[in-house]
2 protein chains.
Amino acid sequence: MFEAAEVGRSVNKEDYIRDVAELRPRLLDAQMALRNADFPLLIIIGGVDGAGKGETVNTLLEWLDPRYVETFALTAPSDEEAERPPYYRFWKALPPKGKIGIFFGGWHTAPIVERAQRHIRRDEFERQLNEVAAFERQLVSDGAVLLKFWMHLSKDRQRKRLRSLEKDKQQRWRVTPADWAHFEMYDRFAEVSAHALRRTSTVEAPWTVLEASCRRYQTLTVGQTIERAIHQQLSARVTQRNATAEAAVQAPEPQALPPTVEAANITILSSLDLSKALPADEYDDRMQQAQGDLNRLARKAAKRGVSTVVVFEGVDAAGKGGAIRRITSALDARQYRIVPVAAPDQEERRYPYLWRFWRRLGRGGTFTIFDRSWYGRVLVERVEGFCSVADWQRAYAEINDFEEQLTRRKTVLVKLWLHIDQDEQLRRFTERAETPWKRFKITDEDWRNRQKWPLYAGAVNDMIERTSTEIAPWTLVESNDKRFARIKVLETVAAALQQAL
Amino acid sequence: MFEAAEVGRSVNKEDYIRDVAELRPRLLDAQMALRNADFPLLIIIGGVDGAGKGETVNTLLEWLDPRYVETFALTAPSDEEAERPPYYRFWKALPPKGKIGIFFGGWHTAPIVERAQRHIRRDEFERQLNEVAAFERQLVSDGAVLLKFWMHLSKDRQRKRLRSLEKDKQQRWRVTPADWAHFEMYDRFAEVSAHALRRTSTVEAPWTVLEASCRRYQTLTVGQTIERAIHQQLSARVTQRNATAEAAVQAPEPQALPPTVEAANITILSSLDLSKALPADEYDDRMQQAQGDLNRLARKAAKRGVSTVVVFEGVDAAGKGGAIRRITSALDARQYRIVPVAAPDQEERRYPYLWRFWRRLGRGGTFTIFDRSWYGRVLVERVEGFCSVADWQRAYAEINDFEEQLTRRKTVLVKLWLHIDQDEQLRRFTERAETPWKRFKITDEDWRNRQKWPLYAGAVNDMIERTSTEIAPWTLVESNDKRFARIKVLETVAAALQQAL
């Protein structure tokens with residue numbers, strides 16, 4: 001893997017000056033075009049110590065307009081970050097569409113270092129490499145240009161570099177015992193890195209291995225690669241847009257039920273027994289009991305740094321608000337947060353879909369309630385055509401990966417679908433329309449959505465099929481009877497906490 | 001994952017008759033269109049025992065024109081197959097473009113069964129699931145429509161089914177103790193299957209989980225899904241072709257050097273010391289020694305069922321033929337095979353690129369020499385534009401996966417690049433042109449390829465960078481001196497065998 005980067009590449013000064021003079025205006029032009037484009041550029045700079053990563057980036061920043069570039073040197077996660085899933089900080093650092101983000105190291109660093117030092121086993125290493133590949137696939141599917149450079153220095157050159165620094169009185173201080181200790185690990189690091197690079201060199205985002213033999217060569221190559229990648233993606237997006245436009249003319253995408261639902265016209269929702277109900281006195285007893293349990297368990301979870309995420313989804317007027325209030329009234333106001341989710345705003349639209357949910361994740365021990373959630377993509381956005389078919393289809397795997405990260409990082413995840421039938425919905429809509437203080441709750445859109453009931457039911461069915469996983473199952477809540485629904489919600493959340501603690 | 005397939009879906013007889021009457025002509029129409037299309041259709045039928053897999057496929061075959069459908073029930077691999085990497089039999093069974101292949105079970109079956117019975121550990125299970133996903137990605141990238149159906153029967157229904165068969169005097173024989181033993185494993189299987197389905201439900205090839213509650217429902221859904229998928233892919237291919245044509249007009253793909261090479265204009269090949277040579281007497285001694293070693297080691301390998309695959313690549317006139325003859329003259333003629341690789345023929349072009357190499361893999365203990373190989377895709381096909389950019393770019397990962405399967409299945413893999421410089425090539429070309437019995441060796445094409453030397457060197461550089469892996473490294477052979485080259489080739493092969501045995 002690295003032998004092609006140990007051949008002594010260099011660029012002489014004259015050629016360098018000429019090529020840079022030619023490159024710089026084209027690079028700035030690319031950056032200007034990028035600013036108005038609908039994709040970001042991510043540059044990962046990885047590789048061994050002393051391979052000139054810093055110098056390369058510094059030169060690059062001289063060539064670019066630095067106002068539209070952000071640089072991140074992500075070393076060890078902060079306390080704050082360590083309390084969230086590992087990719088939290090990468091999501092937080094993602095550049096929006098039109099901008100450039102440069103990462104010294106990145107999501108590959110931790111798996112490589114941990115494995116080289118034998119802190120993690122082979123299977124955990126492979127799992128983390130899968131995570132890397134899935135994350136990058138998500139970025140690229142969303143349009144990002146992802147350029148990954150690995151700066152390589154042969155063992156021999158590394159040794160020479162350290163020796164020559166030591167000989168130089170001015171520079172001697174630069175060489176610490178830790179540097180030599182790292183050097184002793186050279187072969188191990190090289191072996192682990194080669195494996196990681198191979199496993200994460202995908203079509204979408206291959207690694208470019210760069211020989212760190214000559215700074216001029218390194219910087220020039222990085223610059224040329226960036227310029228070319230931006231221009232290529234710009235013209236690819238034009239072609240793609242034309243093709244999409246053409247496809248739209250040729251065959252307008254029909255709104256369709258999922259195939260499993262179509263033939264029998266039965267979804268998982270049809271199987272619910274919506275007649276389930278609770279009498280008032282039983283309700284009162286059980287509610288008191290459940291709220292007490294919840295309060296006790298939530299405090300215990302907070303103490304232990306275990307976070308809780310409760311996702312509320314459901315048909316309109318199914319009673320999400322009422323159920324949420326029954327939960328929060330059992331909790332301490334300083335501990336919980338409710339995140340109401342509506343259509344993404346202009347800023348949020350400049351990032352991959354899941355970005356706005358990642359940034360809402362609380363520190364360890366927090367209790368977060370999502371009133372609607374990341375499932376919007378496979379529900380309303382799918383049914384209403386707010387995103388492309390490819391977008392919602394890939395969302396299932398992306399959501400599962402996201403939830404896997406959540407549950408791995410000591411998080412109790414409860415996903416609730418509150419369901420009522422069409423008659424009950426009509427009754428509640430009418431009541432809302434007729435009751436002055438409830439009128440704000442009902443809009444024309446609610447009536448429009450109601451028309452698409454079968455399509456929504458089909459989308460829910462697919463959602464359950466694809467995302468009710470062993471790590472994060474869905475709970476369907478029969479909600480025609482509000483008392484029954486609320487008790488089921490509280491008891492489900494309490495049971496999940498109980499099991500995790 | 002399975003809860004959406006336990007809701008009691010069914011289709012009544014009337015609806016079924018009406019829907020089938022409507023479906024059948026459209027299905028046949030789709031199949032006819034497929035016959036002239038440039039992609040195959042693969043249907044995987046997975047799921048639990050007694051879920052009606054056979055019945056569904058039988059009905060489907062009544063609806064389709066069975067002449068263009070092949071059905072495979074791949075159970076345990078045969079002796080012959082077991083001596084090759086596990087995917088050999090799947091590659092062998094792939095339908096060509098225009099045809100339909102139906103697989104009862106498939107590449108998912110072994111990982112699930114082995115894991116459910118705890119014959120493999122979690123990390124090996126995950127590795128195999130990665131292999132599944134990579135294989136399917138390769139098929140789909142190549143244009144295949146891949147439909148995966150999982151027939152699900154709830155535990156309760158499974159129990160009822162077995163009990164009712166037992167009660168029926170006519171059917172009692174159908175229920176064996178093994179059936180009840182399987183039933184005891186139900187939960188374990190369900191858990192492992194759910195995980196496997198989640199991990200292999202990709203955008204390209206999601207699973208459709210089908211409730212095995214009603215045969216009419218199952219068959220109808222499978223039929224409708226197939227019909228829809230074929231028609232969708234047909235129109236997608238049209239759009240894609242138009243877009244490609246448009247892109248070609250807009251921006252003709254320039255032949256370019258890889259970025260790492262461009263700046264310094266040095267490839268890994270430039271670093272070779274081609275002046276290396278051997279005097280005749282040393283050559284004779286070492287050749288005798290090496291051939292003796294090779295003979296002994298090859299016999300030992302054959303005895304142990306260890307296969308050897310030697311890949312020869314190199315510039316024209318670098319001396320591949322001569323080196324190959326020095327190997328074969330040390331071996332028993334019954335043991336080795338030489339596979340000369342030229343451009344794919346018409347049959348081969350109906351399959352994914354690697355198909356023709358998979359089928360050439362020998363049984364355990366065979367010694368196979370590839371005179372040119374699967375690397376054609378990233379060399380000649382890339383440089384000459386015989387395949388799309390996306391095709392050769394994804395080939396690196398596909399080749400690495402292929403070679404990983406080879407080396408896992410007791411195969412010693414040696415990859416040799418024979419290199420001469422341009423002056424030496426010119427000398428050899430001229431000599432060939434002037435020597436009557438060598439004239440057949442030199443064609444106009446050789447002279448044309450020579451013009452593209454830098455592009456080929458760039459492609460070789462990328463090839464080494466991306467595919468010289470820890471499991472299958474490349475050996476570069478300095479070949480200006482034939483004696484030096486031949487000795488290096490033989491000694492490299494012998495050393496690889498020595499190390500493996």
# chains A, B, ... in the order shown; residues from 1 in each chain; ligands from 1
call {"tool": "interface_residues", "arguments": {"of": "chain B", "to": "chain A", "cutoff": "7 Å", "atoms": "only C-alpha atoms", "output": "JSON, numbers by chain"}}
result
{"B": [1, 2, 4, 7, 9, 10, 11, 123, 202, 203, 210, 217, 220, 221, 225, 239, 243, 247, 259, 260, 263, 264, 266, 268, 271, 393, 394, 397, 461, 464, 465, 466, 467, 468, 469]}
call {"tool": "write_last_selection", "arguments": {"atoms": "N, CA and C atoms", "output": "short mmCIF file (atom, residue, chain, number, x, y, z; two decimals), in the first residue's frame"}}
result
data_model
loop_
_atom_site.label_atom_id
_atom_site.label_comp_id
_atom_site.auth_asym_id
_atom_site.auth_seq_id
_atom_site.Cartn_x
_atom_site.Cartn_y
_atom_site.Cartn_z
N MET B 1 -38.10 -5.70 13.74
CA MET B 1 -37.89 -5.94 12.31
C MET B 1 -39.00 -6.82 11.73
N PHE B 2 -39.40 -7.83 12.49
CA PHE B 2 -40.39 -8.77 11.94
C PHE B 2 -41.82 -8.45 12.36
N ALA B 4 -43.72 -6.06 11.65
CA ALA B 4 -44.59 -5.61 10.56
C ALA B 4 -45.00 -6.77 9.67
N VAL B 7 -48.99 -9.45 10.97
CA VAL B 7 -50.24 -8.72 11.14
C VAL B 7 -51.41 -9.39 10.43
N ARG B 9 -51.76 -10.57 7.07
CA ARG B 9 -52.13 -10.10 5.74
C ARG B 9 -52.68 -11.25 4.91
N SER B 10 -53.71 -10.95 4.14
CA SER B 10 -54.20 -11.97 3.22
C SER B 10 -54.90 -11.31 2.04
N VAL B 11 -55.04 -12.06 0.98
CA VAL B 11 -55.73 -11.58 -0.21
C VAL B 11 -56.83 -12.60 -0.48
N ASP B 123 -17.48 -11.69 15.66
CA ASP B 123 -16.66 -10.92 14.73
C ASP B 123 -16.59 -11.58 13.35
N THR B 202 -29.35 -2.61 2.35
CA THR B 202 -28.71 -1.40 1.89
C THR B 202 -29.64 -0.66 0.94
N VAL B 203 -29.28 0.56 0.58
CA VAL B 203 -30.10 1.31 -0.38
C VAL B 203 -30.20 0.51 -1.67
N LEU B 210 -41.65 -10.53 4.06
CA LEU B 210 -42.99 -10.90 3.64
C LEU B 210 -43.61 -11.85 4.64
N TYR B 217 -51.28 -13.83 -1.00
CA TYR B 217 -50.66 -12.55 -0.70
C TYR B 217 -49.17 -12.58 -1.04
N LEU B 220 -48.49 -12.88 -4.95
CA LEU B 220 -48.89 -11.67 -5.64
C LEU B 220 -47.87 -10.55 -5.38
N THR B 221 -47.46 -10.42 -4.13
CA THR B 221 -46.52 -9.35 -3.78
C THR B 221 -45.18 -9.56 -4.48
N THR B 225 -43.74 -6.98 -7.23
CA THR B 225 -42.45 -6.33 -6.96
C THR B 225 -41.50 -6.55 -8.12
N THR B 239 -32.50 6.83 -18.79
CA THR B 239 -32.12 8.15 -18.27
C THR B 239 -30.61 8.25 -18.10
N ALA B 243 -27.94 10.72 -19.78
CA ALA B 243 -27.09 11.60 -18.97
C ALA B 243 -25.63 11.38 -19.32
N ALA B 247 -23.19 14.09 -20.69
CA ALA B 247 -21.93 14.41 -20.00
C ALA B 247 -20.76 14.29 -20.96
N PRO B 259 -3.33 12.10 -9.58
CA PRO B 259 -2.81 13.34 -8.99
C PRO B 259 -1.47 13.16 -8.28
N THR B 260 -1.27 12.00 -7.64
CA THR B 260 -0.01 11.83 -6.91
C THR B 260 1.17 11.78 -7.86
N ALA B 263 2.19 15.82 -10.30
CA ALA B 263 3.05 16.93 -9.90
C ALA B 263 4.53 16.61 -10.11
N ALA B 264 4.95 15.43 -9.62
CA ALA B 264 6.37 15.12 -9.70
C ALA B 264 6.71 14.31 -10.94
N ILE B 266 6.69 11.22 -11.27
CA ILE B 266 7.46 10.04 -10.91
C ILE B 266 6.48 8.98 -10.43
N ILE B 268 6.00 4.75 -9.10
CA ILE B 268 6.75 3.73 -8.39
C ILE B 268 7.70 3.01 -9.35
N SER B 271 11.26 4.27 -9.70
CA SER B 271 12.21 4.02 -8.61
C SER B 271 12.93 2.68 -8.76
N GLN B 393 -12.80 2.57 -11.05
CA GLN B 393 -12.57 3.06 -9.69
C GLN B 393 -13.10 2.09 -8.64
N ARG B 394 -14.27 1.49 -8.91
CA ARG B 394 -14.77 0.54 -7.92
C ARG B 394 -14.02 -0.79 -7.99
N ALA B 397 -11.53 -1.94 -4.92
CA ALA B 397 -12.12 -2.58 -3.74
C ALA B 397 -12.61 -3.98 -4.09
N ASN B 461 0.96 2.77 -11.05
CA ASN B 461 1.21 3.40 -9.75
C ASN B 461 -0.03 3.34 -8.86
N ILE B 464 -0.70 -0.27 -7.71
CA ILE B 464 0.15 -0.72 -6.60
C ILE B 464 -0.34 -0.06 -5.32
N GLU B 465 -0.63 1.22 -5.41
CA GLU B 465 -1.05 1.93 -4.21
C GLU B 465 -2.33 1.34 -3.63
N ARG B 466 -3.25 0.96 -4.48
CA ARG B 466 -4.55 0.53 -3.99
C ARG B 466 -4.65 -0.98 -3.75
N THR B 467 -3.82 -1.76 -4.39
CA THR B 467 -4.02 -3.21 -4.29
C THR B 467 -2.81 -3.98 -3.79
N SER B 468 -1.75 -3.29 -3.43
CA SER B 468 -0.64 -4.00 -2.80
C SER B 468 -0.94 -4.02 -1.32
N THR B 469 -1.64 -5.04 -0.90
CA THR B 469 -2.18 -5.05 0.46
C THR B 469 -1.38 -5.99 1.34
#
call {"tool": "select_by_dssp", "arguments": {"residues": "range 288-321 of chain A", "states": "helix (DSSP H, G or I)", "output": "list of chain:residue names"}}
result
A:Gln288, A:Gln289, A:Ala290, A:Gln291, A:Gly292, A:Asp293, A:Leu294, A:Asn295, A:Arg296, A:Leu297, A:Ala298, A:Arg299, A:Lys300, A:Ala301, A:Ala302, A:Lys303, A:Arg304, A:Lys320, A:Gly321
call {"tool": "residues_around", "arguments": {"residues": "range 57-71 of chain B", "least_positions_apart": "3", "cutoff": "7 Å", "atoms": "only C-alpha atoms", "output": "list in words"}}
result
Arg24, Leu28, Lys53, Gly54, Lys99, Ile100, Gly101, Ile102, Phe103 and Gly223 of chain B
call {"tool": "write_last_selection", "arguments": {"atoms": "C-alpha atoms", "output": "CSV table (one decimal), in the first residue's frame"}}
result
chain,number,residue,atom,x,y,z
B,24,ARG,CA,-49.4,-11.7,-15.7
B,28,LEU,CA,-44.3,-11.4,-19.2
B,53,LYS,CA,-40.8,-20.4,-0.3
B,54,GLY,CA,-41.2,-23.4,-2.7
B,99,LYS,CA,-31.9,-13.4,-17.6
B,100,ILE,CA,-33.5,-14.2,-14.2
B,101,GLY,CA,-31.8,-16.2,-11.5
B,102,ILE,CA,-33.8,-17.3,-8.5
B,103,PHE,CA,-31.9,-18.4,-5.4
B,223,GLY,CA,-44.8,-10.9,-8.7
call {"tool": "atom_distance", "arguments": {"atom1": "CA of Thr407 in chain A", "atom2": "CA of Pro85 in chain A"}}
result
8.6 Å
call {"tool": "residues_around", "arguments": {"residues": "range 164-178 of chain A", "least_positions_apart": "6", "cutoff": "12 Å", "atoms": "only C-alpha atoms", "output": "compact mmCIF listing (two decimals) with C-alpha atoms, in the first residue's frame"}}
result
# COMPACT_ATOMS: atom_id res chain seq x y z
CA ASP A 49 4.23 12.53 12.55
CA GLY A 50 6.63 14.84 10.78
CA ARG A 157 13.22 8.82 6.32
CA GLN A 158 11.48 9.05 9.65
CA GLU A 184 9.57 2.16 17.78
CA MET A 185 5.92 1.55 16.90
call {"tool": "select_by_dssp", "arguments": {"residues": "range 99-130 of chain B", "states": "strand (DSSP E or B)", "output": "number ranges by chain"}}
result
B: 100-104
call {"tool": "write_last_selection", "arguments": {"atoms": "C-alpha atoms", "output": "CSV table (one decimal), in the first residue's frame"}}
result
chain,number,residue,atom,x,y,z
B,100,ILE,CA,-33.5,-14.2,-14.2
B,101,GLY,CA,-31.8,-16.2,-11.5
B,102,ILE,CA,-33.8,-17.3,-8.5
B,103,PHE,CA,-31.9,-18.4,-5.4
B,104,PHE,CA,-33.5,-20.3,-2.5
call {"tool": "residues_around", "arguments": {"residues": "Ala280 in chain B", "least_positions_apart": "2", "cutoff": "12 Å", "atoms": "only C-alpha atoms", "output": "list in words"}}
result
Ala277, Leu278, Glu282, Tyr283, Asp284, Asp285, Arg286, Met287, Asp481, Lys482, Arg483, Phe484 and Ile487 of chain B
call {"tool": "residues_around", "arguments": {"residues": "Ser78 in chain A", "least_positions_apart": "5", "cutoff": "12 Å", "atoms": "only C-alpha atoms", "output": "VMD selection string"}}
result
chain A and resid 83 to 84 86 88 to 89 363
call {"tool": "write_last_selection", "arguments": {"atoms": "C-alpha atoms", "output": "CSV table (one decimal), in the first residue's frame"}}
result
chain,number,residue,atom,x,y,z
A,83,GLU,CA,-20.4,12.1,27.1
A,84,ARG,CA,-21.9,11.9,23.7
A,86,PRO,CA,-18.1,9.4,19.3
A,88,TYR,CA,-20.9,13.9,17.8
A,89,ARG,CA,-17.9,16.1,17.4
A,363,ARG,CA,-24.6,15.4,27.7
call {"tool": "atom_distance", "arguments": {"atom1": "CA of Thr492 in chain B", "atom2": "CA of Lys415 in chain B"}}
result
9.6 Å
call {"tool": "atom_distance", "arguments": {"atom1": "CA of Lys452 in chain A", "atom2": "CA of Arg382 in chain A"}}
result
11.9 Å
call {"tool": "residues_around", "arguments": {"residues": "Thr328 in chain B", "least_positions_apart": "4", "cutoff": "12 Å", "atoms": "only C-alpha atoms", "output": "mmCIF file with N, CA and C atoms, in the first residue's frame"}}
result
data_model
loop_
_atom_site.group_PDB
_atom_site.id
_atom_site.type_symbol
_atom_site.label_atom_id
_atom_site.label_comp_id
_atom_site.auth_asym_id
_atom_site.auth_seq_id
_atom_site.Cartn_x
_atom_site.Cartn_y
_atom_site.Cartn_z
ATOM 1 N N GLN B 291 14.315 -23.935 -9.334
ATOM 2 C CA GLN B 291 13.364 -24.873 -9.939
ATOM 3 C C GLN B 291 13.207 -26.116 -9.061
ATOM 4 N N GLY B 292 14.311 -26.548 -8.487
ATOM 5 C CA GLY B 292 14.238 -27.690 -7.567
ATOM 6 C C GLY B 292 13.337 -27.367 -6.379
ATOM 7 N N LEU B 294 11.032 -25.136 -6.178
ATOM 8 C CA LEU B 294 9.659 -24.936 -6.622
ATOM 9 C C LEU B 294 8.961 -26.281 -6.811
ATOM 10 N N ASN B 295 9.643 -27.194 -7.419
ATOM 11 C CA ASN B 295 9.066 -28.511 -7.654
ATOM 12 C C ASN B 295 8.687 -29.183 -6.325
ATOM 13 N N ALA B 298 5.812 -27.205 -4.597
ATOM 14 C CA ALA B 298 4.529 -27.329 -5.292
ATOM 15 C C ALA B 298 3.912 -28.694 -5.008
ATOM 16 N N VAL B 310 -0.525 -17.501 -9.441
ATOM 17 C CA VAL B 310 0.525 -16.543 -9.769
ATOM 18 C C VAL B 310 -0.006 -15.615 -10.854
ATOM 19 N N GLY B 321 6.248 -14.332 -20.899
ATOM 20 C CA GLY B 321 6.212 -15.694 -21.446
ATOM 21 C C GLY B 321 7.409 -16.521 -21.017
ATOM 22 N N GLY B 322 8.600 -15.935 -21.143
ATOM 23 C CA GLY B 322 9.819 -16.650 -20.762
ATOM 24 C C GLY B 322 9.826 -17.024 -19.288
ATOM 25 N N ALA B 323 9.395 -16.093 -18.464
ATOM 26 C CA ALA B 323 9.376 -16.359 -17.027
ATOM 27 C C ALA B 323 8.379 -17.472 -16.701
ATOM 28 N N ILE B 324 7.223 -17.416 -17.373
ATOM 29 C CA ILE B 324 6.207 -18.455 -17.125
ATOM 30 C C ILE B 324 6.752 -19.832 -17.500
ATOM 31 N N ASP B 332 4.887 -30.382 -12.638
ATOM 32 C CA ASP B 332 4.269 -31.509 -13.314
ATOM 33 C C ASP B 332 3.123 -30.993 -14.181
ATOM 34 N N ALA B 333 3.092 -31.442 -15.421
ATOM 35 C CA ALA B 333 2.118 -30.892 -16.378
ATOM 36 C C ALA B 333 0.673 -31.130 -15.952
ATOM 37 N N ARG B 334 0.445 -32.163 -15.143
ATOM 38 C CA ARG B 334 -0.930 -32.444 -14.732
ATOM 39 C C ARG B 334 -1.389 -31.488 -13.639
ATOM 40 N N GLN B 335 -0.454 -30.776 -13.077
ATOM 41 C CA GLN B 335 -0.778 -30.001 -11.891
ATOM 42 C C GLN B 335 -1.075 -28.527 -12.185
ATOM 43 N N TYR B 336 -0.420 -27.961 -13.181
ATOM 44 C CA TYR B 336 -0.589 -26.520 -13.377
ATOM 45 C C TYR B 336 -1.487 -26.215 -14.570
ATOM 46 N N ARG B 337 -2.011 -25.012 -14.549
ATOM 47 C CA ARG B 337 -2.784 -24.522 -15.681
ATOM 48 C C ARG B 337 -2.351 -23.085 -15.947
ATOM 49 N N ILE B 338 -2.233 -22.739 -17.232
ATOM 50 C CA ILE B 338 -1.960 -21.344 -17.577
ATOM 51 C C ILE B 338 -3.239 -20.743 -18.128
ATOM 52 N N PHE B 367 -2.236 -25.334 -9.229
ATOM 53 C CA PHE B 367 -1.271 -24.264 -9.441
ATOM 54 C C PHE B 367 -1.707 -23.526 -10.712
ATOM 55 N N THR B 368 -2.187 -22.292 -10.560
ATOM 56 C CA THR B 368 -2.734 -21.584 -11.711
ATOM 57 C C THR B 368 -1.912 -20.335 -12.005
ATOM 58 N N ILE B 369 -1.535 -20.201 -13.269
ATOM 59 C CA ILE B 369 -0.768 -19.024 -13.675
ATOM 60 C C ILE B 369 -1.641 -18.161 -14.574
ATOM 61 N N LEU B 490 11.117 -16.714 -10.007
ATOM 62 C CA LEU B 490 11.073 -18.062 -9.414
ATOM 63 C C LEU B 490 11.321 -18.039 -7.915
ATOM 64 N N VAL B 493 8.209 -16.755 -6.056
ATOM 65 C CA VAL B 493 7.134 -17.754 -5.962
ATOM 66 C C VAL B 493 7.512 -18.822 -4.938
#
call {"tool": "decode", "arguments": {"residues": "range 313-328 of chain A", "atoms": "N, CA and C atoms", "output": "PDB file, in the first residue's frame"}}
result
ATOM      1  N   GLU A 313     -43.570   9.754  17.787  1.00  0.00           N
ATOM      2  CA  GLU A 313     -44.126   9.922  16.453  1.00  0.00           C
ATOM      3  C   GLU A 313     -45.573   9.444  16.528  1.00  0.00           C
ATOM      4  N   GLY A 314     -46.358   9.785  15.517  1.00  0.00           N
ATOM      5  CA  GLY A 314     -47.742   9.318  15.542  1.00  0.00           C
ATOM      6  C   GLY A 314     -48.589  10.113  14.581  1.00  0.00           C
ATOM      7  N   VAL A 315     -49.792   9.663  14.369  1.00  0.00           N
ATOM      8  CA  VAL A 315     -50.668  10.403  13.457  1.00  0.00           C
ATOM      9  C   VAL A 315     -51.105  11.696  14.149  1.00  0.00           C
ATOM     10  N   ASP A 316     -51.559  12.645  13.349  1.00  0.00           N
ATOM     11  CA  ASP A 316     -52.012  13.916  13.909  1.00  0.00           C
ATOM     12  C   ASP A 316     -53.155  13.664  14.898  1.00  0.00           C
ATOM     13  N   ALA A 317     -53.119  14.404  15.994  1.00  0.00           N
ATOM     14  CA  ALA A 317     -54.164  14.341  17.024  1.00  0.00           C
ATOM     15  C   ALA A 317     -54.178  13.022  17.790  1.00  0.00           C
ATOM     16  N   ALA A 318     -53.061  12.280  17.761  1.00  0.00           N
ATOM     17  CA  ALA A 318     -53.032  11.011  18.490  1.00  0.00           C
ATOM     18  C   ALA A 318     -52.751  11.214  19.968  1.00  0.00           C
ATOM     19  N   GLY A 319     -52.389  12.445  20.336  1.00  0.00           N
ATOM     20  CA  GLY A 319     -52.189  12.706  21.765  1.00  0.00           C
ATOM     21  C   GLY A 319     -50.745  12.720  22.215  1.00  0.00           C
ATOM     22  N   LYS A 320     -49.855  13.117  21.314  1.00  0.00           N
ATOM     23  CA  LYS A 320     -48.436  13.167  21.687  1.00  0.00           C
ATOM     24  C   LYS A 320     -48.211  14.191  22.803  1.00  0.00           C
ATOM     25  N   GLY A 321     -48.816  15.374  22.622  1.00  0.00           N
ATOM     26  CA  GLY A 321     -48.593  16.450  23.591  1.00  0.00           C
ATOM     27  C   GLY A 321     -49.009  16.044  24.995  1.00  0.00           C
ATOM     28  N   GLY A 322     -50.187  15.447  25.110  1.00  0.00           N
ATOM     29  CA  GLY A 322     -50.686  15.029  26.420  1.00  0.00           C
ATOM     30  C   GLY A 322     -49.780  13.997  27.059  1.00  0.00           C
ATOM     31  N   ALA A 323     -49.317  13.053  26.258  1.00  0.00           N
ATOM     32  CA  ALA A 323     -48.451  12.005  26.792  1.00  0.00           C
ATOM     33  C   ALA A 323     -47.125  12.600  27.262  1.00  0.00           C
ATOM     34  N   ILE A 324     -46.596  13.538  26.457  1.00  0.00           N
ATOM     35  CA  ILE A 324     -45.320  14.165  26.830  1.00  0.00           C
ATOM     36  C   ILE A 324     -45.465  14.905  28.159  1.00  0.00           C
ATOM     37  N   ARG A 325     -46.590  15.595  28.325  1.00  0.00           N
ATOM     38  CA  ARG A 325     -46.786  16.332  29.575  1.00  0.00           C
ATOM     39  C   ARG A 325     -46.847  15.394  30.779  1.00  0.00           C
ATOM     40  N   ARG A 326     -47.413  14.195  30.589  1.00  0.00           N
ATOM     41  CA  ARG A 326     -47.454  13.238  31.704  1.00  0.00           C
ATOM     42  C   ARG A 326     -46.054  12.755  32.074  1.00  0.00           C
ATOM     43  N   ILE A 327     -45.172  12.728  31.098  1.00  0.00           N
ATOM     44  CA  ILE A 327     -43.787  12.334  31.411  1.00  0.00           C
ATOM     45  C   ILE A 327     -43.085  13.470  32.135  1.00  0.00           C
ATOM     46  N   THR A 328     -43.176  14.655  31.549  1.00  0.00           N
ATOM     47  CA  THR A 328     -42.383  15.748  32.102  1.00  0.00           C
ATOM     48  C   THR A 328     -42.855  16.135  33.502  1.00  0.00           C
TER      49      THR A 328
END
